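input-v4.txt (compact mmCIF, C-alpha atoms)
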# COMPACT_ATOMS: atom_id res chain seq x y z
CA MET B 18 10.32 -30.60 -16.30
CA VAL B 19 13.77 -31.36 -14.89
CA GLU B 20 13.81 -32.16 -11.17
CA PRO B 21 16.14 -29.74 -9.36
CA PRO B 22 18.91 -31.24 -7.25
CA GLU B 23 18.92 -30.83 -3.50
CA VAL B 24 21.09 -27.97 -2.29
CA ALA B 25 22.45 -26.89 1.06
CA PRO B 26 19.89 -26.65 3.88
CA GLY B 27 17.78 -23.50 3.74
CA TYR B 28 14.30 -22.22 4.34
CA GLY B 29 12.54 -23.34 1.15
CA ASN B 30 9.23 -22.08 -0.19
CA ALA B 31 5.74 -23.00 0.98
CA SER B 32 6.19 -26.57 -0.33
CA ARG B 33 9.63 -26.66 1.37
CA HIS B 34 11.38 -27.02 -1.98
CA ARG B 35 15.07 -26.25 -1.73
CA GLY B 36 15.71 -24.53 -5.03
CA PRO B 37 18.55 -22.13 -5.84
CA LEU B 38 16.97 -19.37 -3.71
CA SER B 39 15.98 -21.51 -0.73
CA HIS B 40 18.46 -19.63 1.49
CA ILE B 41 16.50 -16.38 0.98
CA ARG B 42 13.63 -15.27 3.23
CA ILE B 43 11.45 -12.36 2.11
CA CYS B 44 9.06 -10.45 4.34
CA ASP B 45 6.53 -9.51 1.68
CA LEU B 46 4.08 -6.66 2.24
CA SER B 47 3.48 -6.25 -1.48
CA GLY B 48 0.31 -7.12 -3.28
CA GLN B 49 -1.87 -6.40 -6.29
CA LEU B 50 0.04 -7.54 -9.40
CA ALA B 51 3.35 -5.68 -9.57
CA GLY B 52 4.64 -6.57 -6.11
CA ALA B 53 3.05 -10.00 -5.85
CA GLY B 54 4.20 -10.93 -9.35
CA SER B 55 7.78 -10.09 -8.44
CA THR B 56 8.07 -12.21 -5.29
CA ARG B 57 6.18 -14.99 -7.08
CA VAL B 58 9.20 -15.51 -9.32
CA LEU B 59 11.55 -15.89 -6.35
CA ALA B 60 9.17 -18.26 -4.55
CA ALA B 61 9.07 -20.48 -7.65
CA PHE B 62 12.84 -20.89 -7.33
CA GLY B 63 12.65 -21.82 -3.67
CA ALA B 64 12.76 -18.52 -1.75
CA GLN B 65 10.68 -18.43 1.43
CA VAL B 66 8.25 -15.59 0.79
CA ILE B 67 6.12 -14.69 3.82
CA ARG B 68 3.11 -12.72 2.69
CA VAL B 69 1.89 -10.32 5.44
CA GLU B 70 -1.80 -9.35 5.34
CA ASP B 71 -4.31 -7.49 7.48
CA PRO B 72 -6.72 -9.60 9.59
CA VAL B 73 -9.11 -6.69 10.24
CA THR B 74 -9.97 -6.06 6.60
CA ARG B 75 -9.50 -9.77 5.82
CA GLY B 76 -6.63 -9.08 3.47
CA MET B 77 -8.53 -6.49 1.48
CA TRP B 78 -5.63 -4.04 1.25
CA ASP B 79 -4.90 -6.22 -1.77
CA ILE B 80 -7.74 -5.56 -4.19
CA VAL B 81 -6.95 -8.73 -6.14
CA ARG B 82 -8.49 -10.75 -3.26
CA GLN B 83 -11.80 -9.12 -4.21
CA LEU B 84 -11.69 -9.71 -7.95
CA GLY B 85 -12.96 -12.55 -10.10
CA PRO B 86 -12.87 -14.99 -11.64
CA PHE B 87 -13.53 -17.02 -8.50
CA ILE B 88 -12.40 -20.58 -7.81
CA ARG B 89 -15.41 -22.91 -7.43
CA ASP B 90 -17.53 -19.70 -7.23
CA ASP B 91 -16.02 -18.91 -3.81
CA ARG B 92 -16.43 -15.13 -3.50
CA SER B 93 -14.67 -14.90 -0.16
CA PRO B 94 -11.09 -13.52 0.08
CA ASP B 95 -9.88 -17.11 -0.35
CA GLY B 96 -11.57 -17.70 -3.71
CA ALA B 97 -10.02 -15.09 -6.02
CA ALA B 98 -8.25 -16.91 -8.85
CA GLY B 99 -5.99 -13.96 -9.66
CA PHE B 100 -4.75 -13.76 -6.08
CA ASN B 101 -4.07 -17.49 -6.06
CA ASN B 102 -2.15 -17.25 -9.33
CA HIS B 103 0.08 -14.38 -8.16
CA ASN B 104 0.86 -15.86 -4.76
CA VAL B 105 1.68 -19.49 -5.44
CA GLU B 106 4.32 -21.04 -3.14
CA LYS B 107 4.10 -18.17 -0.64
CA LEU B 108 3.39 -18.48 3.05
CA GLY B 109 0.54 -16.32 4.33
CA VAL B 110 0.28 -14.68 7.75
CA THR B 111 -2.00 -12.02 9.20
CA ILE B 112 -0.65 -9.22 11.41
CA ASN B 113 -2.68 -6.27 12.70
CA LEU B 114 -0.29 -3.32 12.35
CA ARG B 115 -2.73 -1.03 14.16
CA THR B 116 -1.52 -2.64 17.38
CA GLU B 117 1.89 -2.32 18.99
CA LYS B 118 2.11 -6.08 19.45
CA GLY B 119 1.46 -6.48 15.74
CA LYS B 120 4.26 -4.08 14.93
CA ASP B 121 6.52 -6.01 17.30
CA LEU B 122 5.73 -9.21 15.37
CA LEU B 123 6.60 -7.53 12.09
CA ARG B 124 9.84 -6.17 13.56
CA GLU B 125 10.87 -9.66 14.62
CA LEU B 126 9.98 -11.04 11.21
CA ILE B 127 12.10 -8.36 9.52
CA ARG B 128 15.07 -9.18 11.77
CA ARG B 129 14.91 -12.75 10.48
CA SER B 130 14.44 -11.81 6.81
CA ASP B 131 16.87 -11.06 4.02
CA ALA B 132 14.57 -8.65 2.20
CA VAL B 133 11.43 -6.58 2.70
CA THR B 134 9.24 -5.90 -0.34
CA GLU B 135 6.23 -3.64 -0.79
CA ASN B 136 4.36 -1.71 -3.47
CA PHE B 137 2.40 0.82 -1.46
CA SER B 138 2.23 4.45 -2.51
CA ALA B 139 5.24 6.51 -1.51
CA GLY B 140 5.27 7.34 2.21
CA VAL B 141 3.02 4.54 3.44
CA MET B 142 5.84 2.54 5.01
CA ASP B 143 7.17 5.66 6.72
CA ARG B 144 3.75 6.32 8.26
CA LEU B 145 3.58 2.72 9.47
CA GLY B 146 6.90 3.23 11.23
CA PHE B 147 8.92 1.05 8.86
CA SER B 148 11.02 3.46 6.83
CA TYR B 149 14.27 2.21 5.32
CA GLU B 150 16.20 3.86 8.14
CA ARG B 151 14.10 1.98 10.68
CA LEU B 152 14.51 -1.28 8.75
CA LYS B 153 18.29 -0.86 8.86
CA GLU B 154 18.10 -0.51 12.63
CA LEU B 155 16.31 -3.86 12.78
CA ARG B 156 18.72 -5.53 10.36
CA PRO B 157 21.69 -3.55 9.00
CA ASP B 158 22.11 -5.63 5.85
CA ILE B 159 18.43 -5.67 4.90
CA VAL B 160 17.46 -5.37 1.23
CA TYR B 161 14.38 -3.16 0.95
CA VAL B 162 12.47 -2.98 -2.34
CA SER B 163 9.69 -0.44 -2.86
CA ASN B 164 7.72 -0.37 -6.09
CA CYS B 165 5.17 2.31 -6.87
CA GLY B 166 3.98 4.33 -9.84
CA PHE B 167 6.37 7.27 -9.57
CA GLY B 168 9.11 6.31 -7.12
CA GLN B 169 9.84 7.66 -3.65
CA THR B 170 11.33 11.04 -4.66
CA GLY B 171 10.69 13.76 -7.21
CA PRO B 172 7.72 16.00 -8.12
CA TYR B 173 5.38 13.05 -8.85
CA ALA B 174 6.24 11.02 -5.75
CA SER B 175 2.96 11.83 -3.99
CA TYR B 176 0.82 10.78 -6.96
CA LYS B 177 -1.04 7.48 -6.78
CA SER B 178 -1.02 5.09 -9.71
CA TRP B 179 -2.39 1.92 -11.19
CA GLY B 180 -0.90 0.18 -14.21
CA PRO B 181 -2.91 2.18 -16.79
CA ILE B 182 -1.74 5.47 -15.21
CA ALA B 183 1.93 4.45 -15.37
CA GLN B 184 1.38 3.34 -18.97
CA ALA B 185 -0.12 6.70 -19.90
CA VAL B 186 2.65 8.75 -18.26
CA SER B 187 5.43 6.60 -19.72
CA GLY B 188 4.24 6.94 -23.31
CA LEU B 189 3.23 3.32 -23.78
CA THR B 190 -0.46 4.19 -24.14
CA TRP B 191 0.32 6.73 -26.86
CA SER B 192 2.20 4.13 -28.86
CA SER B 193 -0.81 1.80 -29.02
CA GLY B 194 -3.32 2.87 -31.63
CA LEU B 195 -4.00 3.82 -35.23
CA ALA B 196 -2.91 7.02 -36.96
CA ASP B 197 -5.18 10.03 -36.29
CA HIS B 198 -7.23 8.16 -33.69
CA GLU B 199 -7.18 8.42 -29.92
CA PRO B 200 -4.64 6.19 -28.11
CA ALA B 201 -6.04 2.70 -27.85
CA GLY B 202 -4.18 1.77 -24.68
CA TRP B 203 -3.47 -1.79 -23.64
CA GLY B 204 -6.75 -2.96 -22.16
CA TYR B 205 -5.16 -4.14 -18.92
CA SER B 206 -2.43 -3.24 -16.43
CA TYR B 207 0.53 -4.09 -18.63
CA MET B 208 2.99 -2.24 -16.39
CA ASP B 209 1.80 -4.15 -13.33
CA HIS B 210 2.95 -7.37 -14.95
CA THR B 211 6.06 -5.97 -16.62
CA GLY B 212 6.89 -3.91 -13.53
CA ALA B 213 6.84 -7.14 -11.54
CA TYR B 214 9.60 -8.61 -13.70
CA GLN B 215 11.64 -5.42 -13.39
CA MET B 216 11.15 -5.46 -9.62
CA ALA B 217 12.32 -9.08 -9.46
CA ILE B 218 15.48 -8.14 -11.36
CA GLY B 219 16.18 -5.28 -8.93
CA LEU B 220 15.57 -7.52 -5.92
CA LEU B 221 17.87 -10.25 -7.23
CA ALA B 222 20.58 -7.72 -8.11
CA ALA B 223 20.51 -6.28 -4.59
CA LEU B 224 20.60 -9.73 -3.00
CA TRP B 225 23.56 -10.68 -5.20
CA HIS B 226 25.37 -7.49 -4.17
CA ARG B 227 24.74 -8.33 -0.52
CA SER B 228 26.09 -11.85 -0.99
CA ARG B 229 29.33 -10.38 -2.33
CA THR B 230 29.76 -7.38 -0.01
CA GLY B 231 27.54 -7.92 3.04
CA GLU B 232 25.80 -4.62 2.28
CA GLY B 233 22.05 -4.19 2.13
CA GLN B 234 20.39 -1.39 0.18
CA TRP B 235 17.15 0.26 -0.83
CA VAL B 236 15.83 -0.55 -4.32
CA ASP B 237 13.51 2.31 -5.37
CA MET B 238 11.35 1.15 -8.28
CA SER B 239 9.08 3.33 -10.44
CA CYS B 240 6.70 1.61 -12.85
CA SER B 241 6.40 4.81 -14.89
CA GLU B 242 10.14 4.90 -15.43
CA GLY B 243 10.01 1.19 -16.17
CA GLY B 244 7.50 1.95 -18.91
CA ILE B 245 9.67 4.74 -20.32
CA GLY B 246 12.46 2.21 -20.71
CA LEU B 247 10.19 0.23 -23.05
CA THR B 248 9.51 3.13 -25.41
CA GLY B 249 13.01 3.49 -26.86
CA PRO B 250 12.13 3.30 -30.59
CA ALA B 251 9.37 5.89 -30.21
CA LEU B 252 11.68 8.23 -28.28
CA LEU B 253 14.37 7.89 -30.95
CA GLU B 254 11.85 8.66 -33.67
CA ALA B 255 10.80 11.85 -31.91
CA THR B 256 14.16 13.14 -30.70
CA VAL B 257 16.43 12.05 -33.55
CA ASN B 258 14.17 11.93 -36.60
CA GLY B 259 11.49 14.40 -35.50
CA ARG B 260 8.74 11.93 -36.39
CA ASP B 261 5.62 11.25 -34.38
CA LEU B 262 4.89 7.56 -33.93
CA ARG B 263 1.19 7.71 -34.82
CA ARG B 264 0.91 10.92 -36.82
CA ASP B 265 3.67 11.10 -39.43
CA ARG B 266 2.95 7.76 -41.08
CA PRO B 267 0.21 5.13 -40.96
CA ALA B 268 0.44 2.84 -37.98
CA ASP B 269 0.95 -0.64 -39.37
CA SER B 270 2.76 -2.96 -37.03
CA ASN B 271 2.12 -6.11 -39.05
CA HIS B 272 4.17 -4.99 -42.04
CA SER B 273 7.96 -4.74 -41.84
CA ALA B 274 9.59 -1.61 -43.28
CA TRP B 275 12.95 -1.83 -41.48
CA PRO B 276 14.17 -4.12 -42.94
CA ALA B 277 11.70 -4.35 -45.77
CA MET B 278 9.96 -7.72 -46.05
CA VAL B 279 7.08 -8.46 -48.41
CA PRO B 280 4.73 -10.20 -47.87
CA HIS B 281 4.84 -9.77 -44.11
CA GLY B 282 1.50 -9.63 -42.35
CA ILE B 283 -1.62 -11.24 -40.92
CA TYR B 284 -3.98 -13.01 -43.32
CA PRO B 285 -7.46 -14.53 -42.82
CA ALA B 286 -8.28 -18.23 -42.78
CA ILE B 287 -11.62 -19.73 -43.73
CA GLU B 288 -12.73 -20.05 -40.08
CA GLU B 289 -14.43 -17.05 -38.50
CA ASP B 290 -12.02 -14.55 -36.92
CA THR B 291 -9.07 -16.87 -37.51
CA TRP B 292 -5.77 -15.56 -38.85
CA VAL B 293 -2.33 -16.64 -39.98
CA ALA B 294 0.97 -14.72 -39.75
CA ILE B 295 3.33 -15.05 -42.72
CA ALA B 296 6.80 -13.50 -42.98
CA CYS B 297 8.96 -13.63 -46.12
CA ARG B 298 12.40 -12.56 -44.95
CA GLN B 299 14.11 -12.55 -48.34
CA ASP B 300 13.62 -13.59 -51.95
CA ASP B 301 14.16 -17.29 -51.16
CA ASP B 302 11.16 -17.25 -48.82
CA TRP B 303 9.04 -15.54 -51.46
CA GLN B 304 10.03 -18.06 -54.10
CA ALA B 305 9.06 -20.94 -51.80
CA LEU B 306 5.75 -19.27 -50.88
CA ALA B 307 4.94 -18.55 -54.52
CA LYS B 308 5.35 -22.22 -55.37
CA VAL B 309 2.97 -23.20 -52.57
CA VAL B 310 0.37 -20.66 -53.74
CA GLY B 311 0.73 -21.75 -57.38
CA GLU B 312 -1.30 -18.90 -58.88
CA ASP B 313 -0.36 -16.54 -61.72
CA TRP B 314 -0.10 -13.46 -59.52
CA ALA B 315 2.52 -15.17 -57.30
CA ASP B 316 5.53 -14.73 -59.59
CA PRO B 317 8.56 -16.46 -57.98
CA ASP B 318 10.90 -14.12 -59.88
CA LEU B 319 9.38 -10.96 -58.38
CA GLU B 320 12.21 -9.40 -56.36
CA LEU B 321 11.87 -7.35 -53.19
CA PRO B 322 11.75 -3.83 -54.74
CA ALA B 323 8.92 -4.86 -57.03
CA ARG B 324 7.11 -6.71 -54.21
CA THR B 325 7.41 -3.64 -52.00
CA ARG B 326 5.74 -1.47 -54.65
CA ALA B 327 3.02 -4.10 -55.05
CA GLN B 328 2.61 -4.82 -51.33
CA GLN B 329 -1.07 -3.88 -51.12
CA SER B 330 -2.00 -6.01 -54.13
CA ILE B 331 0.04 -8.98 -52.88
CA ASP B 332 -1.59 -8.73 -49.45
CA GLU B 333 -5.08 -8.69 -50.94
CA LYS B 334 -4.45 -11.66 -53.23
CA LEU B 335 -2.62 -13.67 -50.59
CA GLY B 336 -5.51 -12.96 -48.20
CA VAL B 337 -7.96 -14.37 -50.74
CA TRP B 338 -5.81 -17.50 -51.12
CA THR B 339 -5.49 -18.10 -47.35
CA GLY B 340 -9.14 -17.19 -46.79
CA ARG B 341 -10.28 -20.21 -48.79
CA ARG B 342 -8.45 -22.65 -46.51
CA PRO B 343 -8.43 -23.74 -42.86
CA ALA B 344 -5.67 -22.15 -40.79
CA ALA B 345 -4.07 -25.53 -40.07
CA ASP B 346 -3.79 -26.28 -43.80
CA VAL B 347 -2.27 -22.89 -44.55
CA VAL B 348 0.28 -23.27 -41.77
CA GLY B 349 1.09 -26.86 -42.74
CA MET B 350 1.73 -26.13 -46.42
CA ILE B 351 3.77 -22.97 -45.88
CA ARG B 352 5.78 -24.37 -42.98
CA ALA B 353 6.67 -27.44 -45.06
CA ALA B 354 8.15 -25.05 -47.64
CA GLY B 355 10.44 -23.53 -45.00
CA VAL B 356 8.72 -20.14 -44.78
CA PRO B 357 8.06 -18.62 -41.32
CA VAL B 358 4.35 -18.99 -40.57
CA ALA B 359 2.10 -19.44 -37.55
CA ALA B 360 -1.55 -19.31 -36.66
CA VAL B 361 -2.55 -16.28 -34.61
CA ALA B 362 -3.23 -18.00 -31.29
CA LYS B 363 -6.47 -17.33 -29.45
CA PRO B 364 -6.50 -17.54 -25.64
CA ALA B 365 -8.43 -20.81 -25.49
CA TYR B 366 -5.97 -22.53 -27.82
CA ARG B 367 -2.91 -21.05 -26.15
CA CYS B 368 -4.07 -22.06 -22.68
CA ASP B 369 -5.95 -25.30 -23.26
CA THR B 370 -4.93 -27.15 -26.40
CA ASP B 371 -1.51 -25.98 -27.60
CA PRO B 372 0.65 -29.13 -27.32
CA ASP B 373 3.87 -27.12 -27.14
CA ASN B 374 2.68 -25.18 -24.09
CA ALA B 375 1.59 -28.42 -22.45
CA ALA B 376 4.97 -30.03 -23.15
CA TRP B 377 6.73 -26.96 -21.79
CA GLY B 378 4.78 -27.15 -18.53
CA LEU B 379 3.55 -23.59 -18.85
CA TRP B 380 0.30 -24.18 -16.96
CA PRO B 381 1.12 -26.30 -13.89
CA THR B 382 -1.56 -27.50 -11.49
CA VAL B 383 -1.10 -26.54 -7.84
CA GLN B 384 -2.95 -27.57 -4.68
CA HIS B 385 -4.97 -24.80 -3.07
CA GLY B 386 -5.54 -25.14 0.68
CA ARG B 387 -9.30 -24.77 0.37
CA HIS B 388 -10.08 -25.63 -3.24
CA GLY B 389 -7.77 -28.47 -4.22
CA PRO B 390 -6.19 -28.64 -7.68
CA VAL B 391 -6.09 -25.34 -9.59
CA ARG B 392 -4.15 -24.49 -12.73
CA VAL B 393 -1.85 -21.44 -12.65
CA ASP B 394 0.77 -19.67 -14.76
CA GLY B 395 4.20 -21.25 -14.90
CA LEU B 396 7.41 -19.40 -15.75
CA PRO B 397 8.57 -19.07 -19.38
CA VAL B 398 12.09 -20.31 -18.60
CA HIS B 399 13.64 -23.62 -17.54
CA LEU B 400 16.99 -24.12 -15.82
CA SER B 401 18.65 -27.45 -16.50
CA ARG B 402 20.18 -27.78 -13.00
CA SER B 403 17.94 -25.73 -10.71
CA ASP B 404 14.51 -25.32 -12.25
CA TRP B 405 11.42 -23.73 -10.70
CA ARG B 406 8.68 -25.75 -9.03
CA LEU B 407 5.10 -24.68 -8.32
CA GLU B 408 2.98 -27.10 -6.31
CA ARG B 409 1.15 -25.15 -3.58
CA GLY B 410 -1.44 -22.50 -4.35
CA GLY B 411 -1.62 -19.02 -2.90
CA PRO B 412 -2.33 -18.96 0.84
CA PHE B 413 -5.82 -18.56 2.15
CA LEU B 414 -6.05 -15.80 4.73
CA GLY B 415 -3.75 -16.57 7.66
CA GLU B 416 -3.10 -20.11 6.42
CA ASP B 417 0.46 -20.22 7.73
CA ASN B 418 0.16 -18.29 11.01
CA ASP B 419 1.04 -21.31 13.13
CA ARG B 420 3.87 -22.45 10.89
CA VAL B 421 5.56 -19.06 10.57
CA PHE B 422 5.08 -17.87 14.13
CA THR B 423 6.43 -21.12 15.55
CA GLU B 424 9.16 -22.03 13.06
CA VAL B 425 10.40 -18.51 12.27
CA LEU B 426 9.61 -16.48 15.39
CA GLY B 427 9.73 -19.28 17.95
CA LEU B 428 6.34 -18.58 19.56
CA THR B 429 4.47 -21.26 21.47
CA GLU B 430 0.97 -22.46 20.66
CA GLU B 431 -0.31 -20.68 23.77
CA GLU B 432 1.30 -17.38 22.71
CA ILE B 433 -0.17 -17.65 19.23
CA ALA B 434 -3.63 -18.38 20.66
CA GLU B 435 -3.38 -15.33 22.92
CA LEU B 436 -2.38 -13.07 20.03
CA SER B 437 -5.37 -14.34 18.10
CA ARG B 438 -7.74 -13.63 21.01
CA GLU B 439 -6.34 -10.10 21.27
CA GLY B 440 -6.88 -9.44 17.54
CA VAL B 441 -3.15 -9.09 16.83
CA ILE B 442 -3.14 -11.85 14.21
Let me see the structure of the file written as structure tokens.
Amino acid sequence: MVEPPEVAPGYGNASRHRGPLSHIRICDLSGQLAGAGSTRVLAAFGAQVIRVEDPVTRGMWDIVRQLGPFIRDDRSPDGAAGFNNHNVEKLGVTINLRTEKGKDLLRELIRRSDAVTENFSAGVMDRLGFSYERLKELRPDIVYVSNCGFGQTGPYASYKSWGPIAQAVSGLTWSSGLADHEPAGWGYSYMDHTGAYQMAIGLLAALWHRSRTGEGQWVDMSCSEGGIGLTGPALLEATVNGRDLRRDRPADSNHSAWPAMVPHGIYPAIEEDTWVAIACRQDDDWQALAKVVGEDWADPDLELPARTRAQQSIDEKLGVWTGRRPAADVVGMIRAAGVPVAAVAKPAYRCDTDPDNAAWGLWPTVQHGRHGPVRVDGLPVHLSRSDWRLERGGPFLGEDNDRVFTEVLGLTEEEIAELSREGVI
């Protein structure tokens, strides 16, 4: 990974790295996956993200602190691997917002921040006394980003949501499944993760606007609408062609009909539950593949129209040919012929043994304050002049109280100790 150059003095992230966003400070009340995943991206590029949590419930307004898998089998709020992964390079403080002194602390933190982020249900921030109008009183140019299932306005604004709910409402769940069967869904909170990326884009756009105009603004994010934006082909099919995605034709996402490509699919290898993807884009690819196969049924002169009519037969025979060989051999022979091919990666291979992922730096090791070295997700992008860096794990509960309250708010050790005795932090 390329070492980023030093830039002008700024705040820096938890490791004090001065990346391209080191001049940005974010007061982060978000959590779970969608909000935490968004600010995680900015922290990786040097932004100072100050994660605010509740000392009374020991951070449990974020359910991810309660969920496994657990680091070193630590089932306390500081041992959740998912929380650590989504909060790398963030500073962590605890503030009891049930107290007026706690609210005063948060007000001072907001005055010194460039952005406030949260992904509570609509109305929660208002009830806490931190509406956008109030935030503007504290800092007129504040960027405020709220991310929930259905946005802050409209007939669904009061509805609560998790990722699977937003996926169902947006149409994504309907698109996943076989013809004439119930929707299969996604198996996890896809829109939490994807919504995090969309939230990061909105936050960066608003910060860029402020850098050019001096104006802050409110970024209202809806994960349901974010999901709708991902269903464009299905919407076009329904509104323009009058076709239902999973009813009017067999669902077969491995084949390619537009444009037609044959063979184009997933084929078994000799190992149990091991598969290879092969894609013949045009006749040249087919001719090269046919030579590798070397059997009578693989006629190199068979052009696309004829292959399309014989697609089922070709798939069956090609599957028999691949099924007699290890996946690595199939990939090696076909790749050497210049035909697009890849093994269908299983999680263990993708995470632990894929040399390309290792070379890319996709799974960096960070230092957790209680548990030492822990591997986390990297970012799937590298910048040649100002790359991301992840070295410190997610904060254990209240890990950075002293650092933030002294360096950012200017409190003394005695004042911090008193706030702790009073249950404010």
Using all atoms listed in the file and a cutoff of 10 Å, can you tell me which residues are near (-6.7, -23.3, -14.6) in the file's coordinates, and write them out as a PyMOL selection string? chain B and resi 88+98+102+368-369+380-383+390-394
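Here atom CA of B:Asp300 is placed at a distance of 25.0 Å from atom CA of B:Arg341.
With only C-alpha atoms as the atoms that count, the residue of B:Asp417, B:Asp371, B:Glu312, B:Asp209 with the shortest distance to B:Ser239 is B:Asp209.
Shortest separation to B:Val105 among B:Ser178, B:Thr211, B:Ser148, B:Asn30 occurs at residue B:Asn30, atoms counted being only C-alpha atoms.
Across the structure, atom CA of B:Leu155 and atom CA of B:Glu125 are spaced 8.2 Å apart.
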Give me the residues near stretch 316-332 of chain B as number ranges by chain, where near means some atom within 12 Å (using only C-alpha atoms) and where sequence neighbours in that chain fewer than 2 positions away do not count. B: 271-274, 276-285, 294-314, 334-340
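Between atom CA of B:Ala183 and atom CA of B:Asp71 the separation is 26.5 Å.
Among the candidates B:Val441, B:Leu59, B:Met77, B:Cys165, the one nearest to B:Ser93 when counting all atoms listed in the file is B:Met77.
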Determine, counting only C-alpha atoms, which protein, DNA and RNA residues have an atom within 8 Å of an atom of stretch 344-350 of chain B; residues of the same chain fewer than 2 positions away are not included. Present the result as an NGL selection string. :B and (286-288 or 291-293 or 309 or 339 or 342 or 352-354 or 358-360)
Extract, using all atoms listed in the file, all DNA, RNA and protein residues at most 7 Å from B:Asp158, discarding same-chain residues fewer than 5 positions from it, and format them as a ChimeraX atom specification. /B:153,231-233
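Nearest to B:Asn101 of all the residues B:Leu38, B:Val141, B:Leu414, B:Cys240 is B:Leu414, based on all atoms listed in the file.
With all atoms listed in the file as the atoms that count, the residue of B:Ala61, B:Leu46, B:Val162, B:Leu253 with the shortest distance to B:Leu114 is B:Leu46.
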Which polymer residues have any atom within 8 Å of an atom of B:Ser130, counting all atoms listed in the file, with same-chain residues fewer than 3 positions away left out, as a VMD selection string? chain B and resid 41 to 44 126 to 127 133 159
Got a sec: who's within 12 Å of B:Gly76, counting all atoms listed in the file, leaving out chain neighbours fewer than 2 positions off, as a PyMOL selection string? chain B and resi 46-49+68-74+78-83+93-95+97+100+109-113+412-416+442
From the list B:Ala255, B:Leu123, B:Ala365, B:Leu407, which residue is nearest B:Phe422 when using all atoms listed in the file? B:Leu123
Kindly reconstruct stretch 308-320 of chain B with N, CA and C atoms and present the result as a PDB file, in the frame of the given file.
ATOM      1  N   LYS B 308       5.556 -20.856 -54.886  1.00  0.00           N
ATOM      2  CA  LYS B 308       5.350 -22.220 -55.370  1.00  0.00           C
ATOM      3  C   LYS B 308       4.198 -22.895 -54.629  1.00  0.00           C
ATOM      4  N   VAL B 309       4.079 -22.632 -53.341  1.00  0.00           N
ATOM      5  CA  VAL B 309       2.970 -23.200 -52.570  1.00  0.00           C
ATOM      6  C   VAL B 309       1.638 -22.620 -53.070  1.00  0.00           C
ATOM      7  N   VAL B 310       1.606 -21.310 -53.301  1.00  0.00           N
ATOM      8  CA  VAL B 310       0.370 -20.660 -53.740  1.00  0.00           C
ATOM      9  C   VAL B 310      -0.006 -21.155 -55.140  1.00  0.00           C
ATOM     10  N   GLY B 311       0.967 -21.173 -56.054  1.00  0.00           N
ATOM     11  CA  GLY B 311       0.730 -21.750 -57.380  1.00  0.00           C
ATOM     12  C   GLY B 311      -0.239 -20.983 -58.253  1.00  0.00           C
ATOM     13  N   GLU B 312      -0.421 -19.699 -58.053  1.00  0.00           N
ATOM     14  CA  GLU B 312      -1.300 -18.900 -58.880  1.00  0.00           C
ATOM     15  C   GLU B 312      -0.494 -17.892 -59.688  1.00  0.00           C
ATOM     16  N   ASP B 313      -1.100 -17.387 -60.784  1.00  0.00           N
ATOM     17  CA  ASP B 313      -0.360 -16.540 -61.720  1.00  0.00           C
ATOM     18  C   ASP B 313       0.186 -15.278 -61.065  1.00  0.00           C
ATOM     19  N   TRP B 314      -0.565 -14.716 -60.124  1.00  0.00           N
ATOM     20  CA  TRP B 314      -0.100 -13.460 -59.520  1.00  0.00           C
ATOM     21  C   TRP B 314       1.129 -13.658 -58.644  1.00  0.00           C
ATOM     22  N   ALA B 315       1.378 -14.884 -58.174  1.00  0.00           N
ATOM     23  CA  ALA B 315       2.520 -15.170 -57.300  1.00  0.00           C
ATOM     24  C   ALA B 315       3.724 -15.544 -58.160  1.00  0.00           C
ATOM     25  N   ASP B 316       4.380 -14.526 -58.700  1.00  0.00           N
ATOM     26  CA  ASP B 316       5.530 -14.730 -59.590  1.00  0.00           C
ATOM     27  C   ASP B 316       6.790 -14.971 -58.753  1.00  0.00           C
ATOM     28  N   PRO B 317       7.374 -16.173 -58.800  1.00  0.00           N
ATOM     29  CA  PRO B 317       8.560 -16.460 -57.980  1.00  0.00           C
ATOM     30  C   PRO B 317       9.740 -15.548 -58.287  1.00  0.00           C
ATOM     31  N   ASP B 318       9.775 -14.963 -59.485  1.00  0.00           N
ATOM     32  CA  ASP B 318      10.900 -14.120 -59.880  1.00  0.00           C
ATOM     33  C   ASP B 318      10.725 -12.665 -59.467  1.00  0.00           C
ATOM     34  N   LEU B 319       9.628 -12.345 -58.804  1.00  0.00           N
ATOM     35  CA  LEU B 319       9.380 -10.960 -58.380  1.00  0.00           C
ATOM     36  C   LEU B 319      10.279 -10.627 -57.198  1.00  0.00           C
ATOM     37  N   GLU B 320      11.243  -9.731 -57.402  1.00  0.00           N
ATOM     38  CA  GLU B 320      12.210  -9.400 -56.360  1.00  0.00           C
ATOM     39  C   GLU B 320      11.643  -8.370 -55.392  1.00  0.00           C
TER      40      GLU B 320
END
